[in-house]
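Following: one structure in structure tokens, then a few remarks.
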Amino acid sequence: MIAAADVMNIAVIVAFITLAAGQILSMVRLVLGPTSGDRILALDTMVINALGLVVVLGIHQGVQIYFEVSLLIAMLGFVSTVALARFLLRGDIIE
């Protein structure tokens with residue numbers, strides 16, 4: 001019979017692998033993206049994948065500081081995506 005801790009460890013390993021694969025695929029899209037919109041979307045996806053990796057790492061280690069770090073990553077990712085989109089659309093960030 002499989003213990004609950006073993007199932008949790010397996011789930012964390014699967015989450016690490018899938019998030020890392022998503023990060024690699026996003027990097028490929030960042031390099032090969034034909035348009036600037038594709039590259040911005042790839043960067044935003046990379047932020048989300050990094051956020052997931054930090055959260056899964058926090059679950060794995062049982063440390064709560066990683067969840068606060070994930071909030072900072074989420075805020076910076078949102079602001080940077082909005083700034084890049086405004087720069088592409090208008091040519092400047094601050095009006």
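The chains in the structure tokens are called A, B, ... from first to last as shown; in each chain the residues are counted from 1, and the ligands are counted from 1 in the order shown.
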
Mind running range 37-70 of chain A against range 82-90 of chain A at 10 Å and telling me each contacting residue's nearest atom pair with the distance in Å (one decimal), counting only C-alpha atoms, chain and number ascending, as CSV?
residue,atom,partner,partner_atom,distance
A:Gly37,CA,A:Ala85,CA,8.1
A:Ile40,CA,A:Leu84,CA,7.2
A:Leu41,CA,A:Ala85,CA,9.7
A:Asp44,CA,A:Val82,CA,9.9

Handout entry: Near-range 14-28 of chain A list (7 Å; only C-alpha atoms; drop same-chain fewer than 5 positions) as JSON, numbers by chain
Key = {"A": [42, 45, 46, 49, 52, 53]}

Problem - Residues within 9 Å of range 55-71 of chain A, only C-alpha atoms, excluding chain neighbours under 4 positions, as an MDAnalysis selection string - result: chainID A and resid 8:9 12 15:16 50:51 75:76

Problem - Length of the CA of Pro34 in chain A to CA of Thr81 in chain A vector [Å] - result: 18.0 Å

Exercise for the section: Record the distance separating CA of Ile94 in chain A and CA of Arg29 in chain A, expressed in Å with one decimal. Expected result: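 Taking CA of Ile94 in chain A and CA of Arg29 in chain A, their separation equals 28.1 Å.
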
Exercise for the section: Work out how far CA of Ile93 in chain A is from CA of Val79 in chain A, in Å to one decimal. Expected result: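 Result for CA of Val79 in chain A versus CA of Ile93 in chain A: 11.1 Å, one decimal.
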